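Here is the structure we will look at, set down as structure tokens.
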Amino acid sequence: MSKLPAATAPRIGLFGILGSGNSGNDASMETVLRYLADAHPDAIVDAMGGGTPEQMRARYGIDATPLYWYTKFEPHVSGPRAVPLKALGKALDVVRTASWVRSHDVVVVPGAGPLEISLPVRAWGFPFTLLTVALSGRLFGTKVALVSVGADAVRKPATRWLSNATARLASYRSYRDVYSLEAMRRRGIDTSRDRVYPDLVFGVPTPPYEAGDPTLVGVGVMAYYGGNDDRRRAAEIHSAYVAKMTEFTSWLVSSGHHVRLFGGDSKFDWDVADRVMAGVRRDHPDLDPSVVTADRADSYTGLMQLMSPVGTVVATRYHNVMCALKLGKPTISLGYSSKFAALMTDMGLAEFSLIASSFSVAELTGKFEAVTARHAELRQHMADKGAANMRALDDQFAVLSRTLLGRQEMTSLAQVNASA
């Protein structure tokens with residue numbers, strides 16, 4: 001039951017790595033914001049995330065609280081001086097987060113992978129903060145909803161305990177694929193009342209289909225260092241990944257293609273794009289600069305605009321792969337967890353999924369030639385699945401309105417996006 005009378009505007013908080021440059025996380029938040037603006041226009045919405053309050057207010061028109069107290073000191077303090085500030089910040093963050101949760105009726109964690117640890121993360125970082133949110137929700141009567149989230153096996157005992165505790169304390173859980181639900185069941189969570197709905201990014205308005213130039217290839221790179229269990233080999237994995245992406249891009253150029261490099265996180269990926277581009281130009285010293293470019297996007301909409309003119313996409317970040325699939329592009333995934341295989345299978349491209357840490361350039365060039373030859377066949381399946389995913393997200397938002405916010409009717413995402 002809401003802490004506020006029915007006639008009072010609901011107070012809804014969005015929580016996660018939001019507004020800090022990760023285009024997929026931000027797109028998930030944007031889908032929820034569109035739903036709330038249409039179905040609950042009276043709601044008072046704010047966020048706790050990685051973006052600054054100024055950035056969040058300028059881009060999304062909502063107030064925001066920084067995820068971590070220490071963030072404001074990072075540009076100015078380092079080394080031994082940072083240690084006591086970080087320790088103080090960890091204690092203050094518990095109080096700050098609990099106070100923020102208490103001021104809401106519902107806290108929504110919009111998509112992403114809060115219950116998976118596919119990339120390096122410390123247990124006492126985001127997993128601990130997310131548990132603070134869920135526990136505070138139980139203590140103060142705030143409903144905490146994990147909406148279309150990703151999950152996977154977690155080997156580190158402390159991280160797994162924190163993540164499982166978060167899941168058990170949440171008022172609502174849904175997963176972005178069957179694999180995630182089954183992963184939680186294997187981790188001992190009762191999933192009998194949980195549901196599977198598509199990733200929230202499928203709710204982002206998609207521009208009209210554009211076949212693109214078959215000679216222009218989109219290559220999505222990432223600051224990839226392996227998974228949470230690969231910390232000792234992180235530098236080696238990263239170096240090998242950059243070398244292979246450079247070799248593949250150089251092969252594309254030698255084959256007569258133009259290449260558009262892009263990333264998915266504005267803080268981390270552009271150094272890799274620059275290194276790949278520099279490596280290709282060393283291999284081809286007389287290359288026209290327009291043949292290989294590194295194009296930056298500051299939003300998911302911007303990323304779709306960059307991808308629309310390309311004919312084929314090869315990408316590493318999960319939501320870059322999803323963006324290409326939404327646009328109906330022949331796509332090769334260079335994944336780093338089981339979620340990639342689940343997504344590619346669901347979209348009819350299972351055979352075009354490779355593993356970022358172990359693929360060979362020969363494998364990748366073979367997959368590239370195969371996927372481009374089946375463009376028309378694959379595109380229709382992607383279009384049909386995309387429309388079905390939009391309808392499924394409508395169903396989920398109707399459930400959220402009914403069970404968490406007490407509203408019986410709402411407009412569909414398709415109608416909302418059409419009027420946007």
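By convention in this document, the chains of the structure tokens carry letters A, B, ... by their order, each chain's residues are numbered from 1, and ligands are numbered from 1 in the order they are shown.
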Excluding A:Ala112 and residues on its chain fewer than 5 positions from it, collect all residues at most 10 Å away from it, counting only C-alpha atoms, and give them as a short mmCIF file (atom, residue, chain, number, x, y, z; two decimals) with C-alpha atoms, in the first residue's frame.
```
data_model
loop_
_atom_site.label_atom_id
_atom_site.label_comp_id
_atom_site.auth_asym_id
_atom_site.auth_seq_id
_atom_site.Cartn_x
_atom_site.Cartn_y
_atom_site.Cartn_z
CA GLY A 16 20.90 3.05 -11.12
CA ILE A 17 23.97 3.96 -13.16
CA LEU A 18 21.93 6.64 -14.88
CA GLY A 24 21.95 1.71 -22.81
CA ASN A 25 21.27 2.50 -19.16
CA ASP A 26 20.05 5.97 -20.09
CA ALA A 27 17.78 4.58 -22.81
CA SER A 28 16.18 2.23 -20.28
CA MET A 29 15.53 5.20 -18.00
CA LEU A 146 13.48 -4.32 -10.47
CA VAL A 147 12.08 -3.86 -13.98
CA SER A 148 13.33 -5.92 -16.96
CA VAL A 149 16.71 -6.44 -15.33
CA GLY A 150 19.49 -8.80 -16.34
CA ALA A 151 20.82 -11.57 -14.09
CA TYR A 175 13.78 -10.04 -16.16
CA ARG A 176 14.79 -9.10 -19.67
CA ASP A 199 14.72 -5.18 -22.34
CA LEU A 200 13.42 -1.65 -21.75
CA VAL A 201 15.56 -0.34 -24.61
CA TYR A 318 25.15 -5.17 -25.15
CA HIS A 319 22.95 -2.18 -25.88
#
```
Non-local contacts of A:Asp274 (12 Å; only C-alpha atoms; under 6 positions in same chain excluded) as a PyMOL selection string: chain A and resi 221-223+242+245-246+260-263+268+280-281+292-296
Of the listed residues A:Ser174, A:Ser360, A:Thr249, A:Ser20, that which approaches A:Glu54 most closely, counting only C-alpha atoms: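 Among A:Ser174, A:Ser360, A:Thr249, A:Ser20, it is A:Ser20 that comes nearest to A:Glu54.
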For the structure I just gave you, how does DSSP split stretch 141-333 of chain A - specifically, which residues are strand (DSSP E or B)? Reply as a VMD selection string. chain A and resid 143 to 149 151 172 to 175 195 to 196 213 to 220 258 to 262 265 292 to 294 310 to 315 331 to 333
DSSP helix (DSSP H, G or I) residues within stretch 54-298 of chain A, as a tab-separated table (two decimals) with N, CA and C atoms, in the first residue's frame:
```tsv
chain	number	residue	atom	x	y	z
A	54	GLU	N	22.91	18.75	-12.51
A	54	GLU	CA	22.77	19.70	-13.61
A	54	GLU	C	22.52	18.97	-14.94
A	55	GLN	N	23.26	17.88	-15.17
A	55	GLN	CA	23.07	17.10	-16.39
A	55	GLN	C	21.68	16.49	-16.46
A	56	MET	N	21.23	15.92	-15.36
A	56	MET	CA	19.93	15.26	-15.34
A	56	MET	C	18.79	16.26	-15.53
A	57	ARG	N	18.94	17.43	-14.92
A	57	ARG	CA	17.89	18.44	-15.05
A	57	ARG	C	17.84	18.98	-16.47
A	58	ALA	N	19.01	19.19	-17.07
A	58	ALA	CA	19.06	19.74	-18.42
A	58	ALA	C	18.54	18.75	-19.46
A	59	ARG	N	18.89	17.47	-19.29
A	59	ARG	CA	18.52	16.49	-20.31
A	59	ARG	C	17.14	15.90	-20.10
A	60	TYR	N	16.77	15.64	-18.86
A	60	TYR	CA	15.52	14.92	-18.60
A	60	TYR	C	14.49	15.73	-17.84
A	69	TRP	N	28.58	10.04	-2.62
A	69	TRP	CA	29.01	11.31	-2.05
A	69	TRP	C	30.42	11.68	-2.50
A	70	TYR	N	31.29	10.68	-2.62
A	70	TYR	CA	32.71	10.93	-2.93
A	70	TYR	C	32.92	11.45	-4.35
A	71	THR	N	31.97	11.25	-5.25
A	71	THR	CA	32.15	11.58	-6.67
A	71	THR	C	32.65	13.00	-6.88
A	72	LYS	N	32.15	13.93	-6.09
A	72	LYS	CA	32.52	15.34	-6.29
A	72	LYS	C	33.98	15.61	-5.99
A	73	PHE	N	34.65	14.69	-5.26
A	73	PHE	CA	36.06	14.89	-4.92
A	73	PHE	C	37.01	14.22	-5.92
A	79	GLY	N	45.33	9.32	-4.48
A	79	GLY	CA	46.37	8.76	-3.63
A	79	GLY	C	45.92	8.59	-2.19
A	80	PRO	N	46.85	8.67	-1.25
A	80	PRO	CA	46.52	8.44	0.17
A	80	PRO	C	45.46	9.39	0.72
A	81	ARG	N	45.41	10.61	0.18
A	81	ARG	CA	44.43	11.57	0.67
A	81	ARG	C	43.00	11.12	0.38
A	82	ALA	N	42.83	10.27	-0.65
A	82	ALA	CA	41.49	9.85	-1.03
A	82	ALA	C	40.93	8.77	-0.11
A	83	VAL	N	41.80	8.03	0.57
A	83	VAL	CA	41.35	6.87	1.35
A	83	VAL	C	40.36	7.26	2.46
A	84	PRO	N	40.69	8.23	3.33
A	84	PRO	CA	39.72	8.57	4.38
A	84	PRO	C	38.43	9.17	3.82
A	85	LEU	N	38.52	9.91	2.72
A	85	LEU	CA	37.31	10.47	2.13
A	85	LEU	C	36.41	9.37	1.58
A	86	LYS	N	37.01	8.35	0.95
A	86	LYS	CA	36.22	7.23	0.43
A	86	LYS	C	35.55	6.47	1.58
A	87	ALA	N	36.28	6.27	2.68
A	87	ALA	CA	35.70	5.57	3.83
A	87	ALA	C	34.54	6.37	4.43
A	88	LEU	N	34.74	7.66	4.56
A	88	LEU	CA	33.66	8.51	5.05
A	88	LEU	C	32.47	8.48	4.10
A	89	GLY	N	32.77	8.54	2.81
A	89	GLY	CA	31.71	8.52	1.80
A	89	GLY	C	30.88	7.26	1.86
A	90	LYS	N	31.53	6.11	2.10
A	90	LYS	CA	30.79	4.84	2.16
A	90	LYS	C	29.77	4.87	3.31
A	91	ALA	N	30.17	5.43	4.45
A	91	ALA	CA	29.23	5.52	5.58
A	91	ALA	C	28.12	6.53	5.29
A	92	LEU	N	28.51	7.68	4.74
A	92	LEU	CA	27.50	8.69	4.43
A	92	LEU	C	26.52	8.21	3.37
A	93	ASP	N	27.00	7.40	2.42
A	93	ASP	CA	26.13	6.93	1.35
A	93	ASP	C	25.00	6.05	1.86
A	94	VAL	N	25.26	5.28	2.90
A	94	VAL	CA	24.19	4.46	3.48
A	94	VAL	C	23.06	5.36	3.97
A	95	VAL	N	23.42	6.41	4.69
A	95	VAL	CA	22.42	7.34	5.22
A	95	VAL	C	21.74	8.11	4.09
A	96	ARG	N	22.54	8.59	3.13
A	96	ARG	CA	21.99	9.35	2.01
A	96	ARG	C	21.00	8.51	1.21
A	97	THR	N	21.40	7.27	0.91
A	97	THR	CA	20.55	6.40	0.08
A	97	THR	C	19.27	6.04	0.82
A	98	ALA	N	19.38	5.69	2.09
A	98	ALA	CA	18.19	5.34	2.87
A	98	ALA	C	17.23	6.53	2.95
A	99	SER	N	17.77	7.72	3.16
A	99	SER	CA	16.93	8.91	3.24
A	99	SER	C	16.23	9.18	1.91
A	100	TRP	N	16.97	8.98	0.82
A	100	TRP	CA	16.37	9.18	-0.51
A	100	TRP	C	15.24	8.18	-0.76
A	101	VAL	N	15.48	6.93	-0.46
A	101	VAL	CA	14.43	5.91	-0.66
A	101	VAL	C	13.20	6.24	0.17
A	102	ARG	N	13.41	6.65	1.40
A	102	ARG	CA	12.30	6.93	2.32
A	102	ARG	C	11.39	8.03	1.78
A	126	PHE	N	28.55	-0.98	-6.23
A	126	PHE	CA	27.14	-0.90	-6.61
A	126	PHE	C	26.27	-2.01	-5.99
A	127	PRO	N	26.73	-3.28	-5.92
A	127	PRO	CA	25.88	-4.31	-5.29
A	127	PRO	C	25.47	-3.95	-3.87
A	128	PHE	N	26.39	-3.40	-3.07
A	128	PHE	CA	26.05	-3.01	-1.70
A	128	PHE	C	25.06	-1.84	-1.70
A	129	THR	N	25.27	-0.88	-2.59
A	129	THR	CA	24.37	0.28	-2.65
A	129	THR	C	22.97	-0.16	-3.05
A	130	LEU	N	22.87	-1.08	-4.00
A	130	LEU	CA	21.56	-1.56	-4.42
A	130	LEU	C	20.85	-2.30	-3.28
A	131	LEU	N	21.61	-3.07	-2.49
A	131	LEU	CA	21.00	-3.71	-1.33
A	131	LEU	C	20.51	-2.67	-0.34
A	132	THR	N	21.24	-1.59	-0.16
A	132	THR	CA	20.80	-0.51	0.72
A	132	THR	C	19.45	0.03	0.26
A	133	VAL	N	19.27	0.16	-1.05
A	133	VAL	CA	17.99	0.63	-1.59
A	133	VAL	C	16.87	-0.36	-1.25
A	134	ALA	N	17.10	-1.64	-1.50
A	134	ALA	CA	16.06	-2.65	-1.27
A	134	ALA	C	15.72	-2.77	0.21
A	135	LEU	N	16.75	-2.77	1.06
A	135	LEU	CA	16.51	-2.88	2.50
A	135	LEU	C	15.79	-1.65	3.03
A	136	SER	N	16.17	-0.48	2.55
A	136	SER	CA	15.50	0.76	2.98
A	136	SER	C	14.03	0.74	2.55
A	137	GLY	N	13.78	0.19	1.38
A	137	GLY	CA	12.40	0.08	0.93
A	137	GLY	C	11.55	-0.74	1.89
A	138	ARG	N	12.10	-1.84	2.34
A	138	ARG	CA	11.36	-2.68	3.30
A	138	ARG	C	11.17	-1.96	4.64
A	139	LEU	N	12.20	-1.28	5.09
A	139	LEU	CA	12.13	-0.61	6.39
A	139	LEU	C	11.14	0.55	6.39
A	140	PHE	N	11.06	1.28	5.27
A	140	PHE	CA	10.26	2.51	5.23
A	140	PHE	C	8.97	2.39	4.43
A	157	PRO	N	31.28	-15.05	-3.55
A	157	PRO	CA	30.26	-15.27	-2.50
A	157	PRO	C	29.66	-14.00	-1.94
A	158	ALA	N	30.49	-12.99	-1.64
A	158	ALA	CA	29.96	-11.75	-1.05
A	158	ALA	C	29.03	-11.04	-2.02
A	159	THR	N	29.45	-10.96	-3.27
A	159	THR	CA	28.62	-10.28	-4.28
A	159	THR	C	27.32	-11.04	-4.50
A	160	ARG	N	27.41	-12.36	-4.55
A	160	ARG	CA	26.20	-13.18	-4.75
A	160	ARG	C	25.24	-12.99	-3.58
A	161	TRP	N	25.75	-12.96	-2.35
A	161	TRP	CA	24.87	-12.78	-1.19
A	161	TRP	C	24.16	-11.43	-1.24
A	162	LEU	N	24.91	-10.38	-1.55
A	162	LEU	CA	24.32	-9.04	-1.64
A	162	LEU	C	23.25	-8.99	-2.72
A	163	SER	N	23.56	-9.56	-3.87
A	163	SER	CA	22.63	-9.54	-5.00
A	163	SER	C	21.37	-10.35	-4.71
A	164	ASN	N	21.54	-11.53	-4.11
A	164	ASN	CA	20.37	-12.36	-3.76
A	164	ASN	C	19.50	-11.67	-2.73
A	165	ALA	N	20.13	-11.04	-1.74
A	165	ALA	CA	19.36	-10.33	-0.72
A	165	ALA	C	18.55	-9.20	-1.33
A	166	THR	N	19.15	-8.49	-2.27
A	166	THR	CA	18.42	-7.43	-2.97
A	166	THR	C	17.19	-7.98	-3.67
A	167	ALA	N	17.37	-9.08	-4.39
A	167	ALA	CA	16.25	-9.67	-5.13
A	167	ALA	C	15.12	-10.09	-4.17
A	168	ARG	N	15.48	-10.68	-3.05
A	168	ARG	CA	14.45	-11.15	-2.10
A	168	ARG	C	13.68	-9.99	-1.48
A	169	LEU	N	14.34	-8.85	-1.30
A	169	LEU	CA	13.70	-7.71	-0.65
A	169	LEU	C	12.84	-6.87	-1.60
A	178	VAL	N	14.61	-15.06	-20.50
A	178	VAL	CA	14.38	-16.29	-19.73
A	178	VAL	C	15.66	-16.72	-19.03
A	179	TYR	N	16.80	-16.52	-19.69
A	179	TYR	CA	18.07	-16.91	-19.08
A	179	TYR	C	18.26	-16.25	-17.73
A	180	SER	N	17.92	-14.96	-17.64
A	180	SER	CA	18.09	-14.24	-16.37
A	180	SER	C	17.20	-14.82	-15.28
A	181	LEU	N	15.96	-15.10	-15.63
A	181	LEU	CA	15.04	-15.70	-14.64
A	181	LEU	C	15.58	-17.04	-14.15
A	182	GLU	N	16.03	-17.87	-15.09
A	182	GLU	CA	16.55	-19.19	-14.71
A	182	GLU	C	17.82	-19.07	-13.88
A	183	ALA	N	18.64	-18.06	-14.17
A	183	ALA	CA	19.86	-17.84	-13.38
A	183	ALA	C	19.50	-17.54	-11.93
A	184	MET	N	18.47	-16.72	-11.72
A	184	MET	CA	18.06	-16.40	-10.35
A	184	MET	C	17.46	-17.62	-9.66
A	185	ARG	N	16.71	-18.40	-10.40
A	185	ARG	CA	16.15	-19.63	-9.81
A	185	ARG	C	17.27	-20.55	-9.36
A	186	ARG	N	18.33	-20.68	-10.18
A	186	ARG	CA	19.46	-21.53	-9.81
A	186	ARG	C	20.22	-20.96	-8.63
A	200	LEU	N	14.11	-2.94	-21.64
A	200	LEU	CA	13.42	-1.65	-21.75
A	200	LEU	C	13.89	-0.84	-22.95
A	201	VAL	N	15.07	-1.09	-23.45
A	201	VAL	CA	15.56	-0.34	-24.61
A	201	VAL	C	14.69	-0.59	-25.84
A	202	PHE	N	14.00	-1.72	-25.88
A	202	PHE	CA	13.09	-1.96	-26.99
A	202	PHE	C	11.93	-0.95	-27.00
A	203	GLY	N	11.74	-0.23	-25.90
A	203	GLY	CA	10.70	0.78	-25.85
A	203	GLY	C	11.11	2.13	-26.40
A	231	ARG	N	40.33	-10.31	-13.35
A	231	ARG	CA	41.07	-9.11	-12.96
A	231	ARG	C	42.57	-9.27	-13.18
A	232	ARG	N	43.12	-10.43	-12.90
A	232	ARG	CA	44.57	-10.61	-13.03
A	232	ARG	C	45.02	-10.58	-14.48
A	233	ARG	N	44.12	-10.89	-15.39
A	233	ARG	CA	44.47	-10.93	-16.81
A	233	ARG	C	43.87	-9.75	-17.57
A	234	ALA	N	43.36	-8.77	-16.84
A	234	ALA	CA	42.59	-7.69	-17.47
A	234	ALA	C	43.39	-6.97	-18.55
A	235	ALA	N	44.62	-6.60	-18.25
A	235	ALA	CA	45.43	-5.86	-19.23
A	235	ALA	C	45.70	-6.70	-20.47
A	236	GLU	N	45.98	-7.98	-20.27
A	236	GLU	CA	46.24	-8.89	-21.39
A	236	GLU	C	44.99	-9.03	-22.27
A	237	ILE	N	43.84	-9.22	-21.63
A	237	ILE	CA	42.59	-9.37	-22.38
A	237	ILE	C	42.28	-8.10	-23.17
A	238	HIS	N	42.48	-6.96	-22.52
A	238	HIS	CA	42.19	-5.68	-23.19
A	238	HIS	C	43.10	-5.48	-24.40
A	239	SER	N	44.37	-5.74	-24.23
A	239	SER	CA	45.33	-5.56	-25.32
A	239	SER	C	44.99	-6.45	-26.51
A	240	ALA	N	44.64	-7.73	-26.22
A	240	ALA	CA	44.29	-8.66	-27.30
A	240	ALA	C	43.01	-8.22	-28.01
A	241	TYR	N	42.04	-7.73	-27.24
A	241	TYR	CA	40.78	-7.27	-27.84
A	241	TYR	C	41.02	-6.09	-28.78
A	242	VAL	N	41.79	-5.10	-28.34
A	242	VAL	CA	42.05	-3.93	-29.17
A	242	VAL	C	42.81	-4.34	-30.43
A	243	ALA	N	43.78	-5.25	-30.30
A	243	ALA	CA	44.55	-5.69	-31.46
A	243	ALA	C	43.65	-6.38	-32.48
A	244	LYS	N	42.73	-7.22	-32.01
A	244	LYS	CA	41.85	-7.93	-32.94
A	244	LYS	C	40.84	-7.00	-33.60
A	245	MET	N	40.32	-6.04	-32.84
A	245	MET	CA	39.39	-5.08	-33.43
A	245	MET	C	40.11	-4.21	-34.47
A	246	THR	N	41.38	-3.91	-34.22
A	246	THR	CA	42.17	-3.15	-35.19
A	246	THR	C	42.40	-3.97	-36.45
A	247	GLU	N	42.76	-5.25	-36.27
A	247	GLU	CA	43.02	-6.11	-37.42
A	247	GLU	C	41.75	-6.30	-38.25
A	248	PHE	N	40.61	-6.49	-37.59
A	248	PHE	CA	39.36	-6.67	-38.32
A	248	PHE	C	38.99	-5.39	-39.09
A	249	THR	N	39.13	-4.24	-38.45
A	249	THR	CA	38.81	-2.98	-39.11
A	249	THR	C	39.73	-2.76	-40.30
A	250	SER	N	41.00	-3.11	-40.15
A	250	SER	CA	41.95	-3.00	-41.26
A	250	SER	C	41.54	-3.92	-42.40
A	251	TRP	N	41.05	-5.12	-42.07
A	251	TRP	CA	40.56	-6.05	-43.11
A	251	TRP	C	39.36	-5.46	-43.85
A	252	LEU	N	38.46	-4.82	-43.12
A	252	LEU	CA	37.32	-4.18	-43.77
A	252	LEU	C	37.78	-3.12	-44.77
A	253	VAL	N	38.74	-2.32	-44.36
A	253	VAL	CA	39.26	-1.27	-45.25
A	253	VAL	C	39.90	-1.89	-46.49
A	254	SER	N	40.67	-2.95	-46.29
A	254	SER	CA	41.32	-3.62	-47.42
A	254	SER	C	40.29	-4.25	-48.36
A	270	TRP	N	35.97	5.79	-25.89
A	270	TRP	CA	36.53	6.55	-27.00
A	270	TRP	C	38.04	6.39	-27.12
A	271	ASP	N	38.70	6.09	-26.05
A	271	ASP	CA	40.13	5.81	-26.14
A	271	ASP	C	40.37	4.58	-27.01
A	272	VAL	N	39.51	3.57	-26.87
A	272	VAL	CA	39.65	2.36	-27.69
A	272	VAL	C	39.39	2.69	-29.15
A	273	ALA	N	38.35	3.47	-29.42
A	273	ALA	CA	38.06	3.86	-30.81
A	273	ALA	C	39.23	4.61	-31.43
A	274	ASP	N	39.83	5.50	-30.66
A	274	ASP	CA	40.97	6.27	-31.18
A	274	ASP	C	42.16	5.35	-31.45
A	275	ARG	N	42.39	4.37	-30.58
A	275	ARG	CA	43.51	3.46	-30.77
A	275	ARG	C	43.31	2.56	-31.99
A	276	VAL	N	42.08	2.09	-32.18
A	276	VAL	CA	41.79	1.27	-33.36
A	276	VAL	C	42.00	2.10	-34.63
A	277	MET	N	41.48	3.31	-34.63
A	277	MET	CA	41.62	4.17	-35.81
A	277	MET	C	43.10	4.47	-36.10
A	278	ALA	N	43.86	4.73	-35.05
A	278	ALA	CA	45.28	5.00	-35.24
A	278	ALA	C	46.01	3.77	-35.79
A	279	GLY	N	45.64	2.59	-35.29
A	279	GLY	CA	46.26	1.36	-35.77
A	279	GLY	C	45.96	1.10	-37.24
A	280	VAL	N	44.72	1.34	-37.65
A	280	VAL	CA	44.34	1.15	-39.05
A	280	VAL	C	45.11	2.12	-39.94
A	281	ARG	N	45.27	3.33	-39.49
A	281	ARG	CA	45.99	4.32	-40.30
A	281	ARG	C	47.49	4.02	-40.37
A	282	ARG	N	48.02	3.34	-39.35
A	282	ARG	CA	49.41	2.87	-39.46
A	282	ARG	C	49.52	1.78	-40.53
A	283	ASP	N	48.51	0.90	-40.59
A	283	ASP	CA	48.50	-0.16	-41.60
A	283	ASP	C	48.27	0.38	-43.00
```
Any idea what's packed within 10 Å of A:Ala342, counting only C-alpha atoms, ignoring anything in its chain fewer than 3 positions away? Could you give it as a ChimeraX atom specification? /A:176-180,337-339,345-347,349-350,353
